[in-house]
$ cat run_38.pdb   # PDB, N, CA and C atoms and all ligand atoms
ATOM      1  N   MET M  23      27.190  28.437   4.885
ATOM      2  CA  MET M  23      26.790  29.759   5.350
ATOM      3  C   MET M  23      27.958  30.516   5.951
ATOM      4  N   ALA M  24      28.808  29.826   6.672
ATOM      5  CA  ALA M  24      29.967  30.501   7.263
ATOM      6  C   ALA M  24      30.812  31.158   6.186
ATOM      7  N   ASP M  25      30.900  30.517   5.015
ATOM      8  CA  ASP M  25      31.675  31.092   3.913
ATOM      9  C   ASP M  25      31.089  32.426   3.460
ATOM     10  N   GLU M  26      29.766  32.527   3.450
ATOM     11  CA  GLU M  26      29.135  33.787   3.054
ATOM     12  C   GLU M  26      29.451  34.888   4.067
ATOM     13  N   PHE M  27      29.512  34.537   5.328
ATOM     14  CA  PHE M  27      29.880  35.530   6.338
ATOM     15  C   PHE M  27      31.313  36.007   6.106
ATOM     16  N   LEU M  28      32.202  35.074   5.790
ATOM     17  CA  LEU M  28      33.603  35.447   5.520
ATOM     18  C   LEU M  28      33.705  36.323   4.273
ATOM     19  N   THR M  29      32.921  35.993   3.243
ATOM     20  CA  THR M  29      32.918  36.777   2.006
ATOM     21  C   THR M  29      32.422  38.189   2.278
ATOM     22  N   LEU M  30      31.353  38.300   3.055
ATOM     23  CA  LEU M  30      30.820  39.628   3.402
ATOM     24  C   LEU M  30      31.860  40.429   4.179
ATOM     25  N   ARG M  31      32.513  39.798   5.140
ATOM     26  CA  ARG M  31      33.506  40.501   5.960
ATOM     27  C   ARG M  31      34.646  41.030   5.103
ATOM     28  N   ALA M  32      35.151  40.184   4.217
ATOM     29  CA  ALA M  32      36.268  40.596   3.359
ATOM     30  C   ALA M  32      35.852  41.745   2.450
ATOM     31  N   ALA M  33      34.676  41.649   1.857
ATOM     32  CA  ALA M  33      34.203  42.710   0.962
ATOM     33  C   ALA M  33      33.931  43.991   1.734
ATOM     34  N   ASN M  34      33.336  43.871   2.905
ATOM     35  CA  ASN M  34      33.057  45.043   3.743
ATOM     36  C   ASN M  34      34.361  45.776   4.094
ATOM     37  N   GLU M  35      35.369  45.013   4.523
ATOM     38  CA  GLU M  35      36.637  45.637   4.930
ATOM     39  C   GLU M  35      37.349  46.268   3.733
ATOM     40  N   LEU M  36      37.309  45.593   2.588
ATOM     41  CA  LEU M  36      37.933  46.157   1.381
ATOM     42  C   LEU M  36      37.230  47.432   0.934
ATOM     43  N   ARG M  37      35.895  47.383   0.928
ATOM     44  CA  ARG M  37      35.143  48.559   0.472
ATOM     45  C   ARG M  37      35.350  49.759   1.390
ATOM     46  N   MET M  38      35.482  49.492   2.682
ATOM     47  CA  MET M  38      35.706  50.606   3.608
ATOM     48  C   MET M  38      37.046  51.305   3.332
ATOM     49  N   GLN M  39      38.001  50.553   2.755
ATOM     50  CA  GLN M  39      39.285  51.170   2.377
ATOM     51  C   GLN M  39      39.099  52.134   1.206
ATOM     52  N   GLU M  40      38.046  51.919   0.417
ATOM     53  CA  GLU M  40      37.783  52.764  -0.753
ATOM     54  C   GLU M  40      36.778  53.875  -0.461
ATOM     55  N   TRP M  41      36.094  53.798   0.685
ATOM     56  CA  TRP M  41      34.992  54.721   0.996
ATOM     57  C   TRP M  41      35.573  56.046   1.509
ATOM     58  N   PRO M  42      35.372  57.144   0.779
ATOM     59  CA  PRO M  42      35.930  58.425   1.214
ATOM     60  C   PRO M  42      35.472  58.802   2.625
ATOM     61  N   GLY M  43      36.427  59.088   3.494
ATOM     62  CA  GLY M  43      36.127  59.516   4.856
ATOM     63  C   GLY M  43      35.939  58.372   5.839
ATOM     64  N   ALA M  44      36.011  57.137   5.375
ATOM     65  CA  ALA M  44      35.734  55.992   6.250
ATOM     66  C   ALA M  44      36.708  55.901   7.416
ATOM     67  N   GLU M  45      37.896  56.492   7.263
ATOM     68  CA  GLU M  45      38.868  56.423   8.355
ATOM     69  C   GLU M  45      38.393  57.206   9.594
ATOM     70  N   LYS M  46      37.382  58.043   9.396
ATOM     71  CA  LYS M  46      36.840  58.817  10.523
ATOM     72  C   LYS M  46      35.694  58.106  11.235
ATOM     73  N   VAL M  47      35.255  56.980  10.699
ATOM     74  CA  VAL M  47      34.123  56.248  11.291
ATOM     75  C   VAL M  47      34.506  55.723  12.668
ATOM     76  N   THR M  48      33.625  55.959  13.631
ATOM     77  CA  THR M  48      33.833  55.489  15.001
ATOM     78  C   THR M  48      32.764  54.447  15.345
ATOM     79  N   PRO M  49      32.959  53.696  16.424
ATOM     80  CA  PRO M  49      31.906  52.777  16.859
ATOM     81  C   PRO M  49      30.585  53.499  17.135
ATOM     82  N   ALA M  50      30.647  54.716  17.655
ATOM     83  CA  ALA M  50      29.414  55.472  17.914
ATOM     84  C   ALA M  50      28.688  55.776  16.599
ATOM     85  N   PHE M  51      29.474  56.140  15.576
ATOM     86  CA  PHE M  51      28.885  56.366  14.252
ATOM     87  C   PHE M  51      28.227  55.083  13.756
ATOM     88  N   GLN M  52      28.945  53.969  13.888
ATOM     89  CA  GLN M  52      28.418  52.690  13.402
ATOM     90  C   GLN M  52      27.138  52.294  14.147
ATOM     91  N   GLY M  53      27.101  52.563  15.432
ATOM     92  CA  GLY M  53      25.901  52.228  16.207
ATOM     93  C   GLY M  53      24.702  53.029  15.735
ATOM     94  N   ASN M  54      24.929  54.307  15.477
ATOM     95  CA  ASN M  54      23.836  55.143  14.968
ATOM     96  C   ASN M  54      23.435  54.732  13.556
ATOM     97  N   GLU M  55      24.431  54.348  12.763
ATOM     98  CA  GLU M  55      24.139  53.872  11.408
ATOM     99  C   GLU M  55      23.252  52.626  11.470
ATOM    100  N   LEU M  56      23.583  51.709  12.371
ATOM    101  CA  LEU M  56      22.778  50.491  12.512
ATOM    102  C   LEU M  56      21.358  50.833  12.958
ATOM    103  N   ALA M  57      21.240  51.714  13.927
ATOM    104  CA  ALA M  57      19.907  52.112  14.393
ATOM    105  C   ALA M  57      19.101  52.716  13.242
ATOM    106  N   GLY M  58      19.777  53.517  12.410
ATOM    107  CA  GLY M  58      19.106  54.124  11.262
ATOM    108  C   GLY M  58      18.609  53.081  10.288
ATOM    109  N   GLU M  59      19.445  52.098  10.003
ATOM    110  CA  GLU M  59      19.041  51.055   9.058
ATOM    111  C   GLU M  59      17.916  50.190   9.624
ATOM    112  N   VAL M  60      17.970  49.893  10.912
ATOM    113  CA  VAL M  60      16.875  49.141  11.547
ATOM    114  C   VAL M  60      15.586  49.960  11.455
ATOM    115  N   GLY M  61      15.710  51.255  11.674
ATOM    116  CA  GLY M  61      14.543  52.128  11.565
ATOM    117  C   GLY M  61      13.964  52.133  10.156
ATOM    118  N   GLU M  62      14.847  52.152   9.158
ATOM    119  CA  GLU M  62      14.373  52.123   7.769
ATOM    120  C   GLU M  62      13.622  50.815   7.492
ATOM    121  N   ALA M  63      14.151  49.708   7.979
ATOM    122  CA  ALA M  63      13.465  48.420   7.786
ATOM    123  C   ALA M  63      12.113  48.428   8.501
ATOM    124  N   CYS M  64      12.084  48.954   9.714
ATOM    125  CA  CYS M  64      10.825  49.006  10.470
ATOM    126  C   CYS M  64       9.792  49.887   9.771
ATOM    127  N   ASN M  65      10.252  50.957   9.149
ATOM    128  CA  ASN M  65       9.327  51.838   8.436
ATOM    129  C   ASN M  65       8.698  51.123   7.243
ATOM    130  N   VAL M  66       9.501  50.311   6.552
ATOM    131  CA  VAL M  66       8.951  49.529   5.436
ATOM    132  C   VAL M  66       7.925  48.522   5.973
ATOM    133  N   ILE M  67       8.262  47.873   7.077
ATOM    134  CA  ILE M  67       7.329  46.901   7.675
ATOM    135  C   ILE M  67       6.023  47.592   8.070
ATOM    136  N   LYS M  68       6.139  48.783   8.627
ATOM    137  CA  LYS M  68       4.936  49.557   8.987
ATOM    138  C   LYS M  68       4.054  49.777   7.758
ATOM    139  N   LYS M  69       4.693  50.153   6.637
ATOM    140  CA  LYS M  69       3.918  50.418   5.421
ATOM    141  C   LYS M  69       3.326  49.140   4.848
ATOM    142  N   LEU M  70       4.046  48.033   4.943
ATOM    143  CA  LEU M  70       3.497  46.750   4.486
ATOM    144  C   LEU M  70       2.294  46.358   5.348
ATOM    145  N   GLU M  71       2.425  46.583   6.637
ATOM    146  CA  GLU M  71       1.314  46.294   7.550
ATOM    147  C   GLU M  71       0.125  47.211   7.292
ATOM    148  N   ARG M  72       0.419  48.462   6.978
ATOM    149  CA  ARG M  72      -0.633  49.427   6.665
ATOM    150  C   ARG M  72      -1.469  48.905   5.487
ATOM    151  N   SER M  73      -0.775  48.429   4.457
ATOM    152  CA  SER M  73      -1.486  47.885   3.291
ATOM    153  C   SER M  73      -2.277  46.639   3.672
ATOM    154  N   ARG M  74      -1.611  45.749   4.415
ATOM    155  CA  ARG M  74      -2.261  44.489   4.788
ATOM    156  C   ARG M  74      -3.515  44.715   5.617
ATOM    157  N   LEU M  75      -3.471  45.736   6.486
ATOM    158  CA  LEU M  75      -4.600  46.006   7.380
ATOM    159  C   LEU M  75      -5.634  46.937   6.763
ATOM    160  N   GLY M  76      -5.320  47.486   5.563
ATOM    161  CA  GLY M  76      -6.272  48.376   4.900
ATOM    162  C   GLY M  76      -6.316  49.764   5.489
ATOM    163  N   ILE M  77      -5.177  50.226   5.979
ATOM    164  CA  ILE M  77      -5.082  51.576   6.547
ATOM    165  C   ILE M  77      -4.556  52.507   5.464
ATOM    166  N   ALA M  78      -5.156  53.669   5.333
ATOM    167  CA  ALA M  78      -4.746  54.619   4.299
ATOM    168  C   ALA M  78      -3.338  55.141   4.566
ATOM    169  N   GLY M  79      -2.600  55.393   3.488
ATOM    170  CA  GLY M  79      -1.251  55.945   3.615
ATOM    171  C   GLY M  79      -0.333  55.367   2.566
ATOM    172  N   SER M  80       0.934  55.781   2.611
ATOM    173  CA  SER M  80       1.877  55.317   1.592
ATOM    174  C   SER M  80       2.152  53.821   1.742
ATOM    175  N   LYS M  81       2.511  53.214   0.628
ATOM    176  CA  LYS M  81       2.739  51.764   0.601
ATOM    177  C   LYS M  81       4.221  51.482   0.362
ATOM    178  N   ASP M  82       4.601  50.207   0.518
ATOM    179  CA  ASP M  82       5.985  49.826   0.227
ATOM    180  C   ASP M  82       6.002  48.393  -0.286
ATOM    181  N   THR M  83       7.210  47.883  -0.537
ATOM    182  CA  THR M  83       7.321  46.569  -1.170
ATOM    183  C   THR M  83       8.240  45.632  -0.375
ATOM    184  N   ILE M  84       8.049  44.347  -0.589
ATOM    185  CA  ILE M  84       8.918  43.333   0.017
ATOM    186  C   ILE M  84      10.356  43.518  -0.499
ATOM    187  N   GLU M  85      10.481  43.901  -1.764
ATOM    188  CA  GLU M  85      11.819  44.117  -2.336
ATOM    189  C   GLU M  85      12.551  45.222  -1.582
ATOM    190  N   HIS M  86      11.835  46.277  -1.234
ATOM    191  CA  HIS M  86      12.461  47.354  -0.460
ATOM    192  C   HIS M  86      12.827  46.871   0.941
ATOM    193  N   LEU M  87      11.957  46.050   1.529
ATOM    194  CA  LEU M  87      12.286  45.484   2.848
ATOM    195  C   LEU M  87      13.562  44.647   2.759
ATOM    196  N   ALA M  88      13.700  43.870   1.688
ATOM    197  CA  ALA M  88      14.910  43.056   1.512
ATOM    198  C   ALA M  88      16.155  43.946   1.465
ATOM    199  N   GLU M  89      16.056  45.076   0.768
ATOM    200  CA  GLU M  89      17.195  46.009   0.702
ATOM    201  C   GLU M  89      17.551  46.533   2.091
ATOM    202  N   GLU M  90      16.542  46.922   2.842
ATOM    203  CA  GLU M  90      16.820  47.490   4.171
ATOM    204  C   GLU M  90      17.354  46.437   5.138
ATOM    205  N   LEU M  91      16.839  45.218   5.051
ATOM    206  CA  LEU M  91      17.378  44.141   5.899
ATOM    207  C   LEU M  91      18.827  43.841   5.521
ATOM    208  N   ALA M  92      19.125  43.923   4.227
ATOM    209  CA  ALA M  92      20.515  43.729   3.787
ATOM    210  C   ALA M  92      21.405  44.814   4.388
ATOM    211  N   ASP M  93      20.924  46.063   4.390
ATOM    212  CA  ASP M  93      21.690  47.152   5.018
ATOM    213  C   ASP M  93      21.976  46.837   6.486
ATOM    214  N   VAL M  94      20.986  46.286   7.176
ATOM    215  CA  VAL M  94      21.164  45.949   8.600
ATOM    216  C   VAL M  94      22.277  44.922   8.758
ATOM    217  N   VAL M  95      22.245  43.883   7.939
ATOM    218  CA  VAL M  95      23.257  42.819   8.036
ATOM    219  C   VAL M  95      24.647  43.380   7.736
ATOM    220  N   ILE M  96      24.731  44.225   6.709
ATOM    221  CA  ILE M  96      26.020  44.825   6.342
ATOM    222  C   ILE M  96      26.551  45.677   7.501
ATOM    223  N   CYS M  97      25.677  46.473   8.105
ATOM    224  CA  CYS M  97      26.099  47.297   9.251
ATOM    225  C   CYS M  97      26.533  46.448  10.434
ATOM    226  N   VAL M  98      25.781  45.392  10.713
ATOM    227  CA  VAL M  98      26.127  44.505  11.825
ATOM    228  C   VAL M  98      27.511  43.904  11.598
ATOM    229  N   ASP M  99      27.786  43.492  10.370
ATOM    230  CA  ASP M  99      29.100  42.907  10.086
ATOM    231  C   ASP M  99      30.207  43.935  10.261
ATOM    232  N   LEU M 100      29.956  45.171   9.856
ATOM    233  CA  LEU M 100      30.985  46.210  10.030
ATOM    234  C   LEU M 100      31.274  46.456  11.516
ATOM    235  N   ILE M 101      30.235  46.435  12.331
ATOM    236  CA  ILE M 101      30.436  46.614  13.776
ATOM    237  C   ILE M 101      31.203  45.415  14.337
ATOM    238  N   ALA M 102      30.827  44.230  13.924
ATOM    239  CA  ALA M 102      31.548  43.030  14.373
ATOM    240  C   ALA M 102      33.010  43.105  13.962
ATOM    241  N   SER M 103      33.267  43.610  12.761
ATOM    242  CA  SER M 103      34.645  43.769  12.286
ATOM    243  C   SER M 103      35.413  44.735  13.182
ATOM    244  N   THR M 104      34.788  45.847  13.522
ATOM    245  CA  THR M 104      35.433  46.847  14.384
ATOM    246  C   THR M 104      35.891  46.237  15.701
ATOM    247  N   TYR M 105      35.060  45.346  16.250
ATOM    248  CA  TYR M 105      35.367  44.770  17.556
ATOM    249  C   TYR M 105      36.053  43.401  17.460
ATOM    250  N   GLY M 106      36.413  42.984  16.233
ATOM    251  CA  GLY M 106      37.113  41.713  16.066
ATOM    252  C   GLY M 106      36.255  40.501  16.378
ATOM    253  N   ILE M 107      34.968  40.623  16.139
ATOM    254  CA  ILE M 107      34.039  39.523  16.440
ATOM    255  C   ILE M 107      33.868  38.634  15.213
ATOM    256  N   ASP M 108      33.985  37.329  15.426
ATOM    257  CA  ASP M 108      33.669  36.348  14.392
ATOM    258  C   ASP M 108      32.149  36.207  14.399
ATOM    259  N   LEU M 109      31.494  36.882  13.443
ATOM    260  CA  LEU M 109      30.029  36.979  13.479
ATOM    261  C   LEU M 109      29.357  35.618  13.335
ATOM    262  N   TRP M 110      29.886  34.764  12.455
ATOM    263  CA  TRP M 110      29.257  33.444  12.285
ATOM    264  C   TRP M 110      29.348  32.642  13.575
ATOM    265  N   SER M 111      30.501  32.676  14.223
ATOM    266  CA  SER M 111      30.637  31.945  15.495
ATOM    267  C   SER M 111      29.676  32.483  16.537
ATOM    268  N   ALA M 112      29.512  33.809  16.555
ATOM    269  CA  ALA M 112      28.610  34.426  17.522
ATOM    270  C   ALA M 112      27.160  34.038  17.247
ATOM    271  N   VAL M 113      26.771  34.058  15.963
ATOM    272  CA  VAL M 113      25.397  33.684  15.595
ATOM    273  C   VAL M 113      25.130  32.228  15.950
ATOM    274  N   LYS M 114      26.092  31.375  15.598
ATOM    275  CA  LYS M 114      25.945  29.944  15.872
ATOM    276  C   LYS M 114      25.823  29.681  17.371
ATOM    277  N   SER M 115      26.686  30.295  18.141
ATOM    278  CA  SER M 115      26.676  30.103  19.581
ATOM    279  C   SER M 115      25.370  30.589  20.201
ATOM    280  N   LYS M 116      24.923  31.762  19.762
ATOM    281  CA  LYS M 116      23.687  32.330  20.325
ATOM    282  C   LYS M 116      22.471  31.508  19.919
ATOM    283  N   PHE M 117      22.430  31.106  18.630
ATOM    284  CA  PHE M 117      21.304  30.297  18.143
ATOM    285  C   PHE M 117      21.219  28.989  18.918
ATOM    286  N   ASN M 118      22.362  28.319  19.044
ATOM    287  CA  ASN M 118      22.378  27.027  19.718
ATOM    288  C   ASN M 118      22.059  27.160  21.200
ATOM    289  N   GLY M 119      22.537  28.241  21.819
ATOM    290  CA  GLY M 119      22.231  28.476  23.229
ATOM    291  C   GLY M 119      20.736  28.660  23.449
ATOM    292  N   THR M 120      20.103  29.383  22.547
ATOM    293  CA  THR M 120      18.660  29.592  22.663
ATOM    294  C   THR M 120      17.912  28.290  22.412
ATOM    295  N   SER M 121      18.353  27.510  21.428
ATOM    296  CA  SER M 121      17.709  26.213  21.164
ATOM    297  C   SER M 121      17.784  25.325  22.410
ATOM    298  N   HIS M 122      18.965  25.306  23.015
ATOM    299  CA  HIS M 122      19.145  24.497  24.233
ATOM    300  C   HIS M 122      18.211  24.984  25.344
ATOM    301  N   LYS M 123      18.135  26.303  25.498
ATOM    302  CA  LYS M 123      17.329  26.906  26.578
ATOM    303  C   LYS M 123      15.848  26.572  26.444
ATOM    304  N   ILE M 124      15.346  26.565  25.205
ATOM    305  CA  ILE M 124      13.901  26.325  25.032
ATOM    306  C   ILE M 124      13.574  24.865  24.732
ATOM    307  N   GLY M 125      14.613  24.022  24.699
ATOM    308  CA  GLY M 125      14.375  22.601  24.456
ATOM    309  C   GLY M 125      14.111  22.265  22.998
ATOM    310  N   ALA M 126      14.535  23.128  22.076
ATOM    311  CA  ALA M 126      14.364  22.848  20.657
ATOM    312  C   ALA M 126      15.399  21.817  20.189
ATOM    313  N   THR M 127      15.135  21.237  19.041
ATOM    314  CA  THR M 127      16.044  20.212  18.505
ATOM    315  C   THR M 127      16.867  20.740  17.324
ATOM    316  N   VAL M 128      16.692  22.007  16.985
ATOM    317  CA  VAL M 128      17.377  22.590  15.826
ATOM    318  C   VAL M 128      18.625  23.352  16.287
ATOM    319  N   PHE M 129      19.773  22.928  15.741
ATOM    320  CA  PHE M 129      21.038  23.573  16.074
ATOM    321  C   PHE M 129      21.824  23.868  14.802
ATOM    322  N   LEU M 130      22.674  24.873  14.862
ATOM    323  CA  LEU M 130      23.537  25.183  13.728
ATOM    324  C   LEU M 130      24.837  24.398  13.858
TER
HETATM  325 MG    MG M 201      18.961  51.559   4.253
END
$ encode --input "run_38.pdb" --output "structure tokens"
Amino acid sequence: MADEFLTLRAANELRMQEWPGAEKVTPAFQGNELAGEVGEACNVIKKLERSRLGIAGSKDTIEHLAEELADVVICVDLIASTYGIDLWSAVKSKFNGTSHKIGATVFL
């Protein structure tokens, strides 16, 4: 899994070199971008729940939710890149800390 994080980071950084205007991106922009993507994922979840609960309104798909969750992960990695954070190390440390705190036996 750590290799996939490294692959994402390398591709994210390379693509940003090709993205027109990316040199103007600030951490504030990235934070708002992440909030937007989280909102898009939440909106899909709302529509999935609407269908599940039998509430009238527009519907959505699990495939669309997967796309929006992918956007969230991509944005998170870009923010981690901006701040020089090793995202896999951070995830591992946080996951294991929580496992320890709640007495779970599952660690990364
Ligand atoms: Mg999106």
$ closest_atom_pairs --input "run_38.pdb" --of "chain M" --to "ligand MG 201 (chain M)" --cutoff "6 Å" --atoms "only C-alpha atoms and all ligand atoms" --output "JSON lines"
{"residue": "M:Glu59", "atom": "CA", "partner": "M:MG201", "partner_atom": "MG", "distance": 4.8}
{"residue": "M:Glu62", "atom": "CA", "partner": "M:MG201", "partner_atom": "MG", "distance": 5.8}
{"residue": "M:Glu90", "atom": "CA", "partner": "M:MG201", "partner_atom": "MG", "distance": 4.6}
{"residue": "M:Asp93", "atom": "CA", "partner": "M:MG201", "partner_atom": "MG", "distance": 5.2}
$ atom_distance --input "run_38.pdb" --atom1 "atom CA of Ala63 of chain M" --atom2 "atom CA of Leu91 of chain M"
6.1 Å
$ residues_around --input "run_38.pdb" --residues "Ile84 of chain M" --least-positions-apart "3" --cutoff "8 Å" --atoms "all atoms listed in the file" --output "PDB file with N, CA and C atoms, in the frame of the given file"
ATOM      1  N   VAL M  66       9.501  50.311   6.552  1.00  0.00           N
ATOM      2  CA  VAL M  66       8.951  49.529   5.436  1.00  0.00           C
ATOM      3  C   VAL M  66       7.925  48.522   5.973  1.00  0.00           C
ATOM      4  N   LEU M  70       4.046  48.033   4.943  1.00  0.00           N
ATOM      5  CA  LEU M  70       3.497  46.750   4.486  1.00  0.00           C
ATOM      6  C   LEU M  70       2.294  46.358   5.348  1.00  0.00           C
ATOM      7  N   LEU M  87      11.957  46.050   1.529  1.00  0.00           N
ATOM      8  CA  LEU M  87      12.286  45.484   2.848  1.00  0.00           C
ATOM      9  C   LEU M  87      13.562  44.647   2.759  1.00  0.00           C
ATOM     10  N   ALA M  88      13.700  43.870   1.688  1.00  0.00           N
ATOM     11  CA  ALA M  88      14.910  43.056   1.512  1.00  0.00           C
ATOM     12  C   ALA M  88      16.155  43.946   1.465  1.00  0.00           C
ATOM     13  N   GLU M  89      16.056  45.076   0.768  1.00  0.00           N
ATOM     14  CA  GLU M  89      17.195  46.009   0.702  1.00  0.00           C
ATOM     15  C   GLU M  89      17.551  46.533   2.091  1.00  0.00           C
ATOM     16  N   GLU M  90      16.542  46.922   2.842  1.00  0.00           N
ATOM     17  CA  GLU M  90      16.820  47.490   4.171  1.00  0.00           C
ATOM     18  C   GLU M  90      17.354  46.437   5.138  1.00  0.00           C
TER      19      GLU M  90
END
$ select_by_dssp --input "run_38.pdb" --residues "chain M" --states "alpha helix (DSSP H)" --output "JSON, numbers by chain"
{"M": [24, 25, 26, 27, 28, 29, 30, 31, 32, 33, 34, 35, 36, 37, 38, 39, 40, 49, 50, 51, 52, 53, 54, 55, 56, 57, 58, 59, 60, 61, 62, 63, 64, 65, 66, 67, 68, 69, 70, 71, 72, 73, 74, 75, 84, 85, 86, 87, 88, 89, 90, 91, 92, 93, 94, 95, 96, 97, 98, 99, 100, 101, 102, 103, 104, 109, 110, 111, 112, 113, 114, 115, 116, 117, 118, 119, 120, 121, 122, 123, 124]}
$ atom_distance --input "run_38.pdb" --atom1 "atom CA of Ala112 of chain M" --atom2 "atom CA of Phe129 of chain M"
13.3 Å
$ closest_residue --input "run_38.pdb" --among "M:Ser121, M:Gln52, M:Thr83, M:Thr127" --to "Ile101 of chain M" --atoms "all atoms listed in the file"
M:Gln52
$ axis_aligned_box --input "run_38.pdb" --around "segment 79-94 of chain M" --padding-each-side "3 Å" --output "lines of an AutoDock Vina configuration file"
center_x = 9.8
center_y = 49.5
center_z = 3.2
size_x = 30.9
size_y = 18.9
size_z = 17.1
